[in-house]
$ cat data.tsv   # TSV, C-alpha atoms
chain	number	residue	atom	x	y	z
S	14	MET	CA	11.23	-13.28	-55.90
S	15	ASP	CA	11.92	-11.11	-52.82
S	16	GLN	CA	8.59	-10.65	-51.03
S	17	ASN	CA	9.55	-7.04	-50.31
S	18	LYS	CA	10.12	-6.17	-53.96
S	19	ASN	CA	7.55	-3.97	-55.64
S	20	SER	CA	7.97	-3.64	-59.38
S	21	THR	CA	6.28	-0.23	-59.34
S	22	CYS	CA	8.79	1.22	-56.88
S	23	ARG	CA	11.95	2.70	-58.35
S	24	GLU	CA	15.02	2.75	-56.11
S	25	LEU	CA	17.13	5.89	-56.27
S	26	SER	CA	20.73	6.63	-55.47
S	27	LEU	CA	21.54	9.37	-52.97
S	28	ARG	CA	22.38	11.75	-55.81
S	29	GLN	CA	19.15	10.94	-57.63
S	30	THR	CA	17.25	11.55	-54.38
S	31	ALA	CA	18.86	14.97	-54.02
S	32	LYS	CA	17.88	15.85	-57.60
S	33	PHE	CA	14.33	14.64	-56.95
S	34	LEU	CA	14.00	16.96	-53.96
S	35	LYS	CA	15.41	19.93	-55.86
S	36	ARG	CA	12.89	19.43	-58.69
S	37	HIS	CA	9.91	19.93	-56.34
S	38	ASP	CA	8.89	22.87	-54.19
S	39	HIS	CA	6.16	21.82	-51.74
S	40	PHE	CA	6.45	18.80	-49.45
S	41	ILE	CA	4.50	16.83	-46.87
S	42	ILE	CA	6.88	14.81	-44.69
S	43	LEU	CA	5.38	11.80	-42.89
S	44	THR	CA	6.73	10.05	-39.80
S	45	HIS	CA	5.65	6.67	-38.50
S	46	ALA	CA	3.18	6.16	-35.66
S	47	SER	CA	4.52	5.91	-32.07
S	48	PRO	CA	7.29	8.27	-33.21
S	49	ASP	CA	10.86	7.70	-32.06
S	50	GLY	CA	13.96	9.86	-32.27
S	51	ASP	CA	14.99	8.66	-35.71
S	52	THR	CA	11.72	9.23	-37.58
S	53	LEU	CA	11.26	12.64	-35.90
S	54	GLY	CA	14.90	13.71	-36.12
S	55	SER	CA	15.13	12.73	-39.78
S	56	ALA	CA	11.80	14.36	-40.67
S	57	TYR	CA	12.60	17.66	-38.99
S	58	ALA	CA	16.15	17.73	-40.34
S	59	LEU	CA	14.67	17.37	-43.83
S	60	TYR	CA	12.06	20.04	-43.01
S	61	TYR	CA	14.68	22.55	-41.89
S	62	GLY	CA	16.94	21.67	-44.80
S	63	LEU	CA	14.18	22.16	-47.39
S	64	ASN	CA	13.22	25.48	-45.79
S	65	GLU	CA	16.83	26.59	-45.97
S	66	ILE	CA	16.89	26.21	-49.76
S	67	GLY	CA	13.55	27.97	-50.26
S	68	LYS	CA	11.12	25.02	-50.28
S	69	THR	CA	7.93	24.76	-48.21
S	70	ALA	CA	7.15	21.71	-46.12
S	71	SER	CA	4.89	20.27	-43.41
S	72	VAL	CA	5.79	17.50	-40.98
S	73	LEU	CA	2.82	15.25	-40.19
S	74	CYS	CA	2.96	12.70	-37.38
S	75	PRO	CA	0.13	10.18	-36.84
S	76	ASP	CA	0.41	10.58	-33.05
S	77	VAL	CA	1.09	13.37	-30.59
S	78	ILE	CA	4.82	14.14	-30.54
S	79	PRO	CA	6.22	13.65	-27.01
S	80	LYS	CA	7.28	16.88	-25.29
S	81	LYS	CA	10.82	15.61	-24.79
S	82	TYR	CA	11.45	16.36	-28.49
S	83	ASP	CA	10.41	20.03	-28.15
S	84	TYR	CA	14.02	21.18	-28.52
S	85	PHE	CA	13.82	20.54	-32.27
S	86	ALA	CA	10.23	19.48	-33.11
S	87	ARG	CA	8.19	22.59	-33.87
S	88	LYS	CA	4.77	23.22	-35.38
S	89	THR	CA	5.25	23.42	-39.15
S	90	ASP	CA	3.50	25.39	-41.85
S	91	HIS	CA	0.49	23.94	-43.66
S	92	VAL	CA	1.15	22.66	-47.16
S	93	ALA	CA	-1.92	21.89	-49.30
S	94	ARG	CA	-2.20	18.19	-50.13
S	95	GLU	CA	-2.99	18.73	-53.82
S	96	ASN	CA	0.23	20.69	-54.40
S	97	ALA	CA	2.57	18.56	-52.34
S	98	THR	CA	5.18	15.90	-52.91
S	99	VAL	CA	4.71	13.31	-50.14
S	100	ILE	CA	7.79	11.89	-48.43
S	101	ALA	CA	7.78	9.13	-45.80
S	102	VAL	CA	10.81	9.12	-43.50
S	103	ASP	CA	11.98	6.03	-41.60
S	104	VAL	CA	8.76	4.23	-42.60
S	105	ALA	CA	9.21	0.63	-43.75
S	106	ASP	CA	5.56	-0.30	-44.20
S	107	PRO	CA	2.43	1.79	-44.93
S	108	SER	CA	0.74	0.21	-41.90
S	109	LEU	CA	3.22	2.18	-39.75
S	110	LEU	CA	1.57	5.41	-40.88
S	111	GLY	CA	-1.20	4.72	-38.40
S	112	ALA	CA	-3.93	7.35	-38.57
S	113	LEU	CA	-2.37	8.79	-41.74
S	114	ARG	CA	-2.52	5.52	-43.68
S	115	ASP	CA	-5.97	6.02	-45.21
S	116	GLU	CA	-5.01	9.39	-46.66
S	117	PHE	CA	-1.39	8.73	-47.60
S	118	GLY	CA	-0.78	4.96	-47.68
S	119	ASP	CA	-1.08	4.78	-51.46
S	120	ALA	CA	0.14	8.30	-52.17
S	121	VAL	CA	3.76	8.40	-50.98
S	122	ASP	CA	6.04	9.72	-53.69
S	123	LEU	CA	9.38	9.05	-51.97
S	124	THR	CA	10.51	7.03	-48.96
S	125	ILE	CA	13.85	7.62	-47.26
S	126	ASP	CA	14.64	4.68	-45.01
S	127	HIS	CA	17.23	2.27	-43.58
S	128	HIS	CA	15.08	-0.78	-42.80
S	129	ILE	CA	16.10	-3.84	-44.81
S	130	SER	CA	12.47	-5.01	-44.52
S	131	ASN	CA	11.10	-1.95	-46.35
S	132	LYS	CA	7.98	-2.97	-48.30
S	133	ARG	CA	8.71	-0.60	-51.23
S	134	PHE	CA	5.24	0.91	-51.13
S	135	SER	CA	6.17	4.35	-52.52
S	136	LYS	CA	6.83	5.48	-56.08
S	137	TYR	CA	10.51	6.08	-55.30
S	138	LEU	CA	12.76	4.78	-52.54
S	139	TYR	CA	16.16	5.68	-51.17
S	140	LEU	CA	17.22	2.81	-48.93
S	141	ASP	CA	20.55	2.40	-47.13
S	142	ALA	CA	20.16	-0.75	-45.06
S	143	ASP	CA	23.74	-0.38	-43.80
S	144	ALA	CA	23.01	2.98	-42.16
S	145	ALA	CA	22.63	2.82	-38.39
S	146	ALA	CA	19.77	5.31	-38.61
S	147	THR	CA	17.79	7.09	-41.28
S	148	ALA	CA	19.31	10.27	-39.82
S	149	GLU	CA	22.71	9.12	-41.14
S	150	SER	CA	21.30	9.10	-44.67
S	151	MET	CA	19.58	12.42	-44.06
S	152	PHE	CA	22.88	14.03	-43.06
S	153	GLU	CA	24.53	12.76	-46.25
S	154	LEU	CA	21.57	13.91	-48.32
S	155	LEU	CA	21.58	17.44	-46.88
S	156	ARG	CA	25.33	17.71	-47.42
S	157	LEU	CA	24.96	16.56	-51.02
S	158	MET	CA	22.24	19.19	-51.54
S	159	LYS	CA	24.67	21.79	-50.13
S	160	VAL	CA	22.24	22.71	-47.36
S	161	ASN	CA	23.74	24.85	-44.62
S	162	ILE	CA	23.09	22.69	-41.56
S	163	ASN	CA	22.37	24.83	-38.49
S	164	ASP	CA	22.23	24.08	-34.75
S	165	ILE	CA	18.62	22.90	-34.62
S	166	THR	CA	19.08	20.65	-37.66
S	167	ALA	CA	22.19	19.18	-36.04
S	168	LYS	CA	20.23	18.48	-32.85
S	169	ALA	CA	17.55	16.66	-34.86
S	170	LEU	CA	20.12	14.56	-36.73
S	171	TYR	CA	22.05	13.70	-33.57
S	172	THR	CA	18.83	12.63	-31.85
S	173	GLY	CA	18.01	10.28	-34.72
S	174	ILE	CA	21.44	8.68	-34.70
S	175	ALA	CA	21.79	8.45	-30.91
S	176	THR	CA	18.36	6.92	-30.30
S	177	ASP	CA	18.59	4.31	-33.06
S	178	THR	CA	22.01	3.18	-31.82
S	179	GLY	CA	21.14	3.05	-28.11
S	180	CYS	CA	23.51	5.96	-27.53
S	181	PHE	CA	26.12	4.27	-29.78
S	182	LYS	CA	26.00	0.90	-27.98
S	183	TYR	CA	24.27	-1.30	-30.58
S	184	THR	CA	25.88	-3.48	-33.22
S	185	ASN	CA	24.52	-1.26	-36.02
S	186	VAL	CA	27.13	1.41	-35.17
S	187	THR	CA	29.85	1.79	-37.81
S	188	ALA	CA	32.85	4.02	-38.40
S	189	LYS	CA	30.60	6.18	-40.60
S	190	THR	CA	28.20	6.62	-37.68
S	191	HIS	CA	30.97	8.11	-35.57
S	192	LEU	CA	32.38	10.22	-38.41
S	193	ILE	CA	28.98	11.80	-39.09
S	194	THR	CA	28.37	12.36	-35.39
S	195	ALA	CA	31.78	14.00	-35.03
S	196	GLN	CA	30.75	16.55	-37.68
S	197	LEU	CA	27.55	17.29	-35.74
S	198	TYR	CA	29.67	18.17	-32.71
S	199	GLU	CA	30.91	21.19	-34.66
S	200	PHE	CA	27.51	22.80	-33.93
S	201	ASN	CA	25.97	24.01	-30.68
S	202	LEU	CA	24.71	20.50	-30.13
S	203	GLY	CA	24.30	20.00	-26.39
S	204	ALA	CA	24.78	16.26	-26.80
S	205	ALA	CA	25.03	15.60	-23.07
S	206	GLU	CA	21.62	17.19	-22.45
S	207	ILE	CA	20.07	15.32	-25.39
S	208	ASN	CA	21.47	12.05	-24.01
S	209	ARG	CA	20.06	12.85	-20.57
S	210	LEU	CA	16.60	13.51	-22.02
S	211	MET	CA	16.61	10.46	-24.26
S	212	PHE	CA	18.28	7.85	-22.05
S	213	GLU	CA	18.40	8.91	-18.41
S	214	THR	CA	15.06	10.61	-17.74
S	215	LYS	CA	11.80	8.77	-17.09
S	216	PRO	CA	8.62	9.54	-15.14
S	217	ARG	CA	7.90	7.73	-11.88
S	218	ARG	CA	4.90	5.97	-13.44
S	219	LEU	CA	7.23	4.30	-15.95
S	220	LEU	CA	9.36	2.90	-13.11
S	221	GLU	CA	6.18	1.39	-11.67
S	222	LEU	CA	5.32	-0.13	-15.04
S	223	GLU	CA	8.82	-1.59	-15.37
S	224	ARG	CA	8.40	-3.20	-11.93
S	225	MET	CA	5.15	-4.84	-13.06
S	226	VAL	CA	6.69	-6.04	-16.32
S	227	LEU	CA	9.68	-7.58	-14.56
S	228	GLU	CA	7.42	-9.36	-12.08
S	229	ALA	CA	5.45	-10.85	-15.00
S	230	SER	CA	8.51	-11.73	-17.11
S	231	GLU	CA	9.13	-15.28	-18.30
S	232	PHE	CA	12.32	-17.05	-19.38
S	233	HIS	CA	12.37	-19.68	-22.10
S	234	PHE	CA	14.86	-21.90	-23.99
S	235	GLY	CA	17.21	-22.28	-21.05
S	236	GLY	CA	17.29	-18.57	-20.31
S	237	LYS	CA	18.19	-17.54	-23.87
S	238	CYS	CA	14.83	-15.79	-24.35
S	239	VAL	CA	12.82	-13.50	-22.07
S	240	VAL	CA	9.19	-12.43	-22.54
S	241	LEU	CA	8.19	-9.03	-21.16
S	242	PRO	CA	4.38	-8.60	-21.23
S	243	VAL	CA	2.86	-5.09	-21.12
S	244	THR	CA	-0.84	-5.71	-20.62
S	245	ALA	CA	-3.68	-3.23	-20.92
S	246	ASP	CA	-4.23	-3.55	-17.17
S	247	MET	CA	-0.62	-2.50	-16.49
S	248	GLN	CA	-1.01	0.51	-18.78
S	249	ILE	CA	-4.24	1.58	-17.09
S	250	LYS	CA	-2.90	1.16	-13.54
S	251	THR	CA	0.27	3.18	-14.21
S	252	GLY	CA	-1.07	5.66	-16.76
S	253	CYS	CA	1.77	4.79	-19.16
S	254	SER	CA	1.00	4.69	-22.86
S	255	GLY	CA	2.28	5.47	-26.35
S	256	THR	CA	6.00	6.06	-26.80
S	257	GLU	CA	6.59	5.85	-23.04
S	258	LEU	CA	6.42	2.08	-23.47
S	259	ASP	CA	9.19	1.91	-26.07
S	260	GLY	CA	11.97	1.68	-23.47
S	261	ILE	CA	10.61	-1.59	-22.07
S	262	ALA	CA	12.08	-3.52	-24.99
S	263	VAL	CA	15.58	-2.37	-24.07
S	264	ILE	CA	15.41	-4.08	-20.66
S	265	SER	CA	16.15	-7.47	-22.18
S	266	ARG	CA	19.52	-6.30	-23.53
S	267	SER	CA	20.91	-6.04	-20.00
S	268	ILE	CA	19.98	-9.57	-18.88
S	269	GLU	CA	22.93	-11.96	-18.92
S	270	GLY	CA	22.49	-14.92	-21.25
S	271	VAL	CA	19.44	-13.55	-23.07
S	272	MET	CA	19.75	-13.66	-26.87
S	273	ALA	CA	16.16	-12.76	-27.68
S	274	GLY	CA	14.03	-10.28	-25.78
S	275	ILE	CA	10.31	-10.31	-26.63
S	276	THR	CA	8.17	-7.39	-25.50
S	277	ILE	CA	4.44	-7.98	-25.99
S	278	LYS	CA	2.45	-4.74	-25.67
S	279	GLN	CA	-1.33	-5.00	-25.67
S	280	ILE	CA	-3.05	-2.63	-28.12
S	281	ASP	CA	-6.64	-3.84	-27.65
S	282	ASP	CA	-8.54	-7.02	-26.81
S	283	THR	CA	-7.34	-8.85	-29.92
S	284	GLU	CA	-4.06	-7.23	-31.03
S	285	PHE	CA	-0.55	-6.97	-29.58
S	286	LYS	CA	2.58	-5.13	-30.70
S	287	ILE	CA	5.72	-7.26	-30.64
S	288	SER	CA	9.11	-5.64	-30.12
S	289	LEU	CA	11.99	-8.08	-30.56
S	290	ARG	CA	15.62	-7.43	-29.59
S	291	THR	CA	18.26	-10.02	-30.49
S	292	PHE	CA	21.98	-10.68	-30.40
S	293	PRO	CA	23.92	-12.43	-33.22
S	294	PRO	CA	23.47	-14.88	-34.78
S	295	LEU	CA	19.73	-14.32	-34.36
S	296	ASP	CA	18.12	-11.99	-36.90
S	297	ALA	CA	15.21	-10.06	-35.38
S	298	SER	CA	14.02	-8.85	-38.79
S	299	ALA	CA	13.85	-12.37	-40.24
S	300	ILE	CA	11.94	-13.61	-37.20
S	301	CYS	CA	9.45	-10.74	-37.30
S	302	GLN	CA	8.90	-11.11	-41.03
S	303	LYS	CA	7.42	-14.54	-40.26
S	304	LEU	CA	4.92	-12.68	-38.06
S	305	GLY	CA	4.07	-10.09	-40.71
S	306	GLY	CA	6.51	-7.42	-39.54
S	307	GLY	CA	10.16	-6.54	-40.00
S	308	GLY	CA	12.94	-4.18	-39.00
S	309	HIS	CA	16.67	-4.67	-38.41
S	310	LYS	CA	18.84	-7.65	-37.50
S	311	GLY	CA	19.06	-6.57	-33.88
S	312	ALA	CA	15.69	-4.87	-33.45
S	313	ALA	CA	12.39	-5.52	-35.19
S	314	GLY	CA	8.67	-5.62	-34.59
S	315	ALA	CA	5.28	-6.86	-35.70
S	316	ASN	CA	1.61	-6.53	-34.84
S	317	VAL	CA	-0.02	-9.88	-34.10
S	318	LYS	CA	-3.70	-10.65	-33.49
S	319	GLY	CA	-4.98	-13.12	-30.92
S	320	SER	CA	-5.07	-13.58	-27.17
S	321	LEU	CA	-1.95	-12.91	-25.09
S	322	ASP	CA	-1.22	-16.64	-24.84
S	323	GLU	CA	-1.75	-17.19	-28.57
S	324	VAL	CA	0.50	-14.29	-29.50
S	325	LYS	CA	3.17	-15.37	-27.03
S	326	GLN	CA	3.21	-18.90	-28.41
S	327	ALA	CA	3.44	-17.63	-32.00
S	328	VAL	CA	6.46	-15.47	-31.19
S	329	LEU	CA	8.14	-18.13	-29.07
S	330	SER	CA	7.69	-20.64	-31.90
S	331	ALA	CA	9.43	-18.28	-34.35
S	332	VAL	CA	12.26	-17.53	-31.90
S	333	GLY	CA	12.67	-21.20	-31.04
S	334	GLN	CA	12.95	-22.10	-34.71
S	335	ALA	CA	15.59	-19.40	-35.20
S	336	LEU	CA	17.58	-20.65	-32.20
S	337	GLU	CA	17.50	-24.18	-33.61
S	338	GLU	CA	18.39	-23.14	-37.17
S	339	THR	CA	21.37	-21.02	-36.07
S	340	ASP	CA	22.56	-23.50	-33.44
S	341	ALA	CA	22.54	-20.47	-31.16
S	342	GLY	CA	22.95	-22.60	-28.09
S	343	THR	CA	26.70	-22.69	-28.81
S	344	VAL	CA	27.00	-18.93	-29.24
S	345	THR	CA	27.65	-16.43	-26.45
S	346	ALA	CA	25.58	-13.23	-26.58
S	347	GLU	CA	27.57	-10.08	-27.23

$ encode --input "data.tsv" --output "structure tokens"
Amino acid sequence: MDQNKNSTCRELSLRQTAKFLKRHDHFIILTHASPDGDTLGSAYALYYGLNEIGKTASVLCPDVIPKKYDYFARKTDHVARENATVIAVDVADPSLLGALRDEFGDAVDLTIDHHISNKRFSKYLYLDADAAATAESMFELLRLMKVNINDITAKALYTGIATDTGCFKYTNVTAKTHLITAQLYEFNLGAAEINRLMFETKPRRLLELERMVLEASEFHFGGKCVVLPVTADMQIKTGCSGTELDGIAVISRSIEGVMAGITIKQIDDTEFKISLRTFPPLDASAICQKLGGGGHKGAAGANVKGSLDEVKQAVLSAVGQALEETDAGTVTAE
């Protein structure tokens, strides 16, 4: 039996999901911790869409939303918990709810997601594992509900799609991704400015952190794998924290010959967050599932307890096994 299957979770079609939303009036929309463009863009697009058809909704994020998302992320109205339908957006596992897990981990009515590793923890689930971003599914859902998408909703959706595709560079991009994005260009989108904010702007302290990480980097398996450690000491010295660290994982994608990039970010004395980026035939999600996490084929993650050396060896063992099983030594990275 699939370890992700939950017999109490009912999977819905897109049309059934639209009907579910229309049947209810008050919503609490949850994002995952360390919010990225897709969870925030999808959540706020849903928020604006529900408002447009006369529903009330709140967006709750476990962490402070970075200021760079201020162009679409606004403070939302309060919706009382006892009257609300709870929706998790782009959340594959209740542990990703962070500070909201205790209150909502067992109380999510509907999850809208695109992670193949989704743990099916909610009562209902709409999952499109072929979508490049949850924002793709959100666009289709709003269209099906005949919501009049406006400029700010389009900005939120574009942000979700652009950030989860590395500005349309990753292998998860499909023809549908481009077709949906083309429709978003019909609005006052400002895509060039969004791209600048998301991909070309970083504080000086982050450049210093990247320098430290590169100096501490290690190559393994004949250069096919790179380890990028982000220790607590590095974070303290540079003042970098939270979502600022997310871009470190992308560094490995630009290194010639690397098929697996492992970023190990220290959370506390005994826990580390793993961010894994891979090229075919390696499957990042399958590797991270062995470590208790999951994600996508090209990008996945897990939280692992232990010392830095113990965590590093655990991840390297999983990557090494995957390299051996796929005979990846004969494959050239895309």

$ residues_around --input "data.tsv" --residues "S:Val317" --least-positions-apart "5" --cutoff "9 Å" --atoms "all atoms listed in the file" --output "compact mmCIF listing (two decimals) with C-alpha atoms, in the coordinates of the input"
# COMPACT_ATOMS: atom_id res chain seq x y z
CA THR S 283 -7.34 -8.85 -29.92
CA GLU S 284 -4.06 -7.23 -31.03
CA PHE S 285 -0.55 -6.97 -29.58
CA LYS S 286 2.58 -5.13 -30.70
CA ILE S 287 5.72 -7.26 -30.64
CA LEU S 304 4.92 -12.68 -38.06
CA GLY S 305 4.07 -10.09 -40.71
CA GLY S 306 6.51 -7.42 -39.54
CA VAL S 324 0.50 -14.29 -29.50
CA ALA S 327 3.44 -17.63 -32.00

$ residues_around --input "data.tsv" --residues "stretch 35-47 of chain S" --least-positions-apart "6" --cutoff "6 Å" --atoms "all atoms listed in the file" --output "ChimeraX atom specification"
/S:68-76,97-102,104,109-111,256

$ residues_around --input "data.tsv" --residues "S:Asp51" --least-positions-apart "2" --cutoff "12 Å" --atoms "all atoms listed in the file" --output "PyMOL selection string"
chain S and resi 44-45+47-49+53-59+82+102-104+125-128+144-151+168-179+211

$ closest_residue --input "data.tsv" --among "S:Gly62, S:Pro216, S:Gly118, S:Pro293" --to "S:Thr166" --atoms "all atoms listed in the file"
S:Gly62

$ residues_around --input "data.tsv" --residues "S:Phe232" --least-positions-apart "2" --cutoff "12 Å" --atoms "all atoms listed in the file" --output "PDB file with C-alpha atoms, in the frame of the given file"
ATOM      1  CA  LEU S 227       9.680  -7.580 -14.560  1.00  0.00           C
ATOM      2  CA  GLU S 228       7.420  -9.360 -12.080  1.00  0.00           C
ATOM      3  CA  ALA S 229       5.450 -10.850 -15.000  1.00  0.00           C
ATOM      4  CA  SER S 230       8.510 -11.730 -17.110  1.00  0.00           C
ATOM      5  CA  PHE S 234      14.860 -21.900 -23.990  1.00  0.00           C
ATOM      6  CA  GLY S 235      17.210 -22.280 -21.050  1.00  0.00           C
ATOM      7  CA  GLY S 236      17.290 -18.570 -20.310  1.00  0.00           C
ATOM      8  CA  LYS S 237      18.190 -17.540 -23.870  1.00  0.00           C
ATOM      9  CA  CYS S 238      14.830 -15.790 -24.350  1.00  0.00           C
ATOM     10  CA  VAL S 239      12.820 -13.500 -22.070  1.00  0.00           C
ATOM     11  CA  VAL S 240       9.190 -12.430 -22.540  1.00  0.00           C
ATOM     12  CA  LEU S 241       8.190  -9.030 -21.160  1.00  0.00           C
ATOM     13  CA  PRO S 242       4.380  -8.600 -21.230  1.00  0.00           C
ATOM     14  CA  SER S 265      16.150  -7.470 -22.180  1.00  0.00           C
ATOM     15  CA  ILE S 268      19.980  -9.570 -18.880  1.00  0.00           C
ATOM     16  CA  GLU S 269      22.930 -11.960 -18.920  1.00  0.00           C
ATOM     17  CA  GLY S 270      22.490 -14.920 -21.250  1.00  0.00           C
ATOM     18  CA  VAL S 271      19.440 -13.550 -23.070  1.00  0.00           C
ATOM     19  CA  MET S 272      19.750 -13.660 -26.870  1.00  0.00           C
ATOM     20  CA  ALA S 273      16.160 -12.760 -27.680  1.00  0.00           C
ATOM     21  CA  GLY S 274      14.030 -10.280 -25.780  1.00  0.00           C
ATOM     22  CA  ILE S 275      10.310 -10.310 -26.630  1.00  0.00           C
ATOM     23  CA  LEU S 329       8.140 -18.130 -29.070  1.00  0.00           C
TER      24      LEU S 329
END

$ closest_residue --input "data.tsv" --among "S:Glu65, S:Glu231, S:Asp246, S:Asp106" --to "S:Ile280" --atoms "only C-alpha atoms"
S:Asp246

$ atom_distance --input "data.tsv" --atom1 "atom CA of S:Ser108" --atom2 "atom CA of S:Tyr183"
26.2 Å

$ atom_distance --input "data.tsv" --atom1 "atom CA of S:Val121" --atom2 "atom CA of S:Leu27"
17.9 Å

$ residues_around --input "data.tsv" --residues "S:Lys136" --least-positions-apart "6" --cutoff "10 Å" --atoms "all atoms listed in the file" --output "PDB file with C-alpha atoms, keeping the file's coordinate frame"
ATOM      1  CA  ASN S  19       7.550  -3.970 -55.640  1.00  0.00           C
ATOM      2  CA  SER S  20       7.970  -3.640 -59.380  1.00  0.00           C
ATOM      3  CA  THR S  21       6.280  -0.230 -59.340  1.00  0.00           C
ATOM      4  CA  CYS S  22       8.790   1.220 -56.880  1.00  0.00           C
ATOM      5  CA  ARG S  23      11.950   2.700 -58.350  1.00  0.00           C
ATOM      6  CA  GLU S  24      15.020   2.750 -56.110  1.00  0.00           C
ATOM      7  CA  ASP S 119      -1.080   4.780 -51.460  1.00  0.00           C
ATOM      8  CA  ALA S 120       0.140   8.300 -52.170  1.00  0.00           C
ATOM      9  CA  VAL S 121       3.760   8.400 -50.980  1.00  0.00           C
ATOM     10  CA  ASP S 122       6.040   9.720 -53.690  1.00  0.00           C
ATOM     11  CA  LEU S 123       9.380   9.050 -51.970  1.00  0.00           C
ATOM     12  CA  THR S 124      10.510   7.030 -48.960  1.00  0.00           C
TER      13      THR S 124
END

$ atom_distance --input "data.tsv" --atom1 "atom CA of S:Asp141" --atom2 "atom CA of S:Ile129"
8.0 Å

$ build_atoms --input "data.tsv" --residues "stretch 205-219 of chain S" --atoms "N, CA and C atoms" --output "mmCIF file, in the frame of the given file"
data_model
loop_
_atom_site.group_PDB
_atom_site.id
_atom_site.type_symbol
_atom_site.label_atom_id
_atom_site.label_comp_id
_atom_site.auth_asym_id
_atom_site.auth_seq_id
_atom_site.Cartn_x
_atom_site.Cartn_y
_atom_site.Cartn_z
ATOM 1 N N ALA S 205 25.214 16.155 -24.413
ATOM 2 C CA ALA S 205 25.030 15.600 -23.070
ATOM 3 C C ALA S 205 23.587 15.782 -22.588
ATOM 4 N N GLU S 206 22.996 16.944 -22.860
ATOM 5 C CA GLU S 206 21.620 17.190 -22.450
ATOM 6 C C GLU S 206 20.648 16.344 -23.270
ATOM 7 N N ILE S 207 20.919 16.183 -24.561
ATOM 8 C CA ILE S 207 20.070 15.320 -25.390
ATOM 9 C C ILE S 207 20.125 13.882 -24.856
ATOM 10 N N ASN S 208 21.328 13.405 -24.540
ATOM 11 C CA ASN S 208 21.470 12.050 -24.010
ATOM 12 C C ASN S 208 20.726 11.881 -22.685
ATOM 13 N N ARG S 209 20.775 12.912 -21.837
ATOM 14 C CA ARG S 209 20.060 12.850 -20.570
ATOM 15 C C ARG S 209 18.547 12.726 -20.800
ATOM 16 N N LEU S 210 18.028 13.550 -21.724
ATOM 17 C CA LEU S 210 16.600 13.510 -22.020
ATOM 18 C C LEU S 210 16.168 12.191 -22.627
ATOM 19 N N MET S 211 16.978 11.662 -23.523
ATOM 20 C CA MET S 211 16.610 10.460 -24.260
ATOM 21 C C MET S 211 16.820 9.181 -23.471
ATOM 22 N N PHE S 212 17.880 9.126 -22.637
ATOM 23 C CA PHE S 212 18.280 7.850 -22.050
ATOM 24 C C PHE S 212 18.277 7.794 -20.523
ATOM 25 N N GLU S 213 18.245 8.929 -19.871
ATOM 26 C CA GLU S 213 18.400 8.910 -18.410
ATOM 27 C C GLU S 213 17.234 9.544 -17.665
ATOM 28 N N THR S 214 16.196 9.946 -18.368
ATOM 29 C CA THR S 214 15.060 10.610 -17.740
ATOM 30 C C THR S 214 13.783 9.819 -18.005
ATOM 31 N N LYS S 215 13.065 9.489 -16.938
ATOM 32 C CA LYS S 215 11.800 8.770 -17.090
ATOM 33 C C LYS S 215 10.874 9.172 -15.946
ATOM 34 N N PRO S 216 9.569 9.208 -16.204
ATOM 35 C CA PRO S 216 8.620 9.540 -15.140
ATOM 36 C C PRO S 216 8.482 8.393 -14.143
ATOM 37 N N ARG S 217 8.052 8.731 -12.928
ATOM 38 C CA ARG S 217 7.900 7.730 -11.880
ATOM 39 C C ARG S 217 6.932 6.626 -12.295
ATOM 40 N N ARG S 218 5.881 6.978 -13.042
ATOM 41 C CA ARG S 218 4.900 5.970 -13.440
ATOM 42 C C ARG S 218 5.520 4.899 -14.334
ATOM 43 N N LEU S 219 6.563 5.287 -15.096
ATOM 44 C CA LEU S 219 7.230 4.300 -15.950
ATOM 45 C C LEU S 219 8.052 3.328 -15.105
#
